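Let me begin by presenting the structure, written as structure tokens, before commenting on it.
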Amino acid sequence: MFRRLHISRVKPELANTFHSHCPSYSLNCTNLFLQMVHEDIVGEIFKVQTMTAVQKSTSNQEKLTENDQSILYYIAGYTIRALQKRYTRYSTKKLSVINKFTDNSSGVNFVKQYDKWYKTQDRGGLQKPSDSLFLLIRELETIIRKTVEPSYSASTLLIDPLKETMMEGFMVKHYCDILMQGETADIVSAITEDIIHLFLTIRGFAVTRIERNKLTKKAKSQPSSSLRQALKEKSLNC
């Protein structure tokens, strides 16, 4: 679609056709008008794409429980603190960007309803995340739920393929553009990758703990196959 628009934009025949219908205007004016029309078309396409993606993302996020979103709010706050510690050691530029991810307002919005877990766990070191950062973390959770099946395996939990999928997510790019508006592409890409890597690491530890607990409970519930246990059961049945 965009390739066709570009071809149409640079095609001289189109400008000449318009100029033939509006001879009172110069060819340069006609060409400038056509460039503005094409620019508006591209803008409208992006606007529709964003609206469609937001609606789809909102629909997918409705599957998250209030408890899920409270935990994601906490993870968003932890993400800021963890990256602040990391960037303090080697990148003042990244540190200045990540410091803008905090919420210093006193207003109340729909995101604030998920700060219960954050308030419970905070010991003074966590940072309150901005709305856009929370929405970004929530989008990452939505992507991983669509990508990884509940029957986890070593291959489905590999970080690099999941990171690549998330980096290419339309809404991920959308929220990162809001969070890092005006920053260079390399800074946006680097910080986005760090956020995703940290999120996957945190989530990976959580999944591992849950699966390990399941295996532990399953092992405890199974009867012992030892010789002593077998003799004991036999004597009881006699």
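In the structure tokens, the first chain shown is A, the next is B, and so on; residue numbers restart at 1 for each chain, and ligands run from 1 in the order shown.
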For stretch 161-164 of chain A, list every protein, DNA or RNA residue within 7 Å, evaluated using only C-alpha atoms, and leave out those in the same chain fewer than 4 positions away; present the list as an MDAnalysis selection string. chainID A and resid 168 196:197
Can you write out the residues you just picked, keeping N, CA and C atoms, as a short mmCIF file (atom, residue, chain, number, x, y, z; two decimals), in the first residue's frame?
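Generated output (out-v5.cif):
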data_model
loop_
_atom_site.label_atom_id
_atom_site.label_comp_id
_atom_site.auth_asym_id
_atom_site.auth_seq_id
_atom_site.Cartn_x
_atom_site.Cartn_y
_atom_site.Cartn_z
N GLU A 168 8.77 -6.33 17.84
CA GLU A 168 8.05 -6.04 16.60
C GLU A 168 6.57 -5.74 16.83
N ILE A 196 12.12 -5.19 27.92
CA ILE A 196 11.58 -6.50 27.55
C ILE A 196 12.40 -7.63 28.17
N HIS A 197 13.73 -7.50 28.12
CA HIS A 197 14.60 -8.54 28.69
C HIS A 197 14.36 -8.68 30.20
#
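The spacing separating atom CA of A:Leu95 from atom CA of A:Leu140 amounts to 21.9 Å.
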Write out as a ChimeraX atom specification the residues lying within 12 Å of A:Glu193, counting only C-alpha atoms and excluding same-chain residues fewer than 5 positions away. /A:83,140,159-160,162-168,172-173,176,186-188,198-200
From atom CA of A:Ile195 to atom CA of A:Thr79 the spacing works out at 7.0 Å
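Using only C-alpha atoms, the shortest contact distance between A:Lys94 and any of A:Thr17, A:Thr184, A:Thr30, A:Ser70 is found at A:Thr184.
For the residues A:Met180, A:Leu32, A:Ala15, A:Ala190, ranking by smallest atom-to-atom distance to A:Ser96 using only C-alpha atoms places A:Met180 first.
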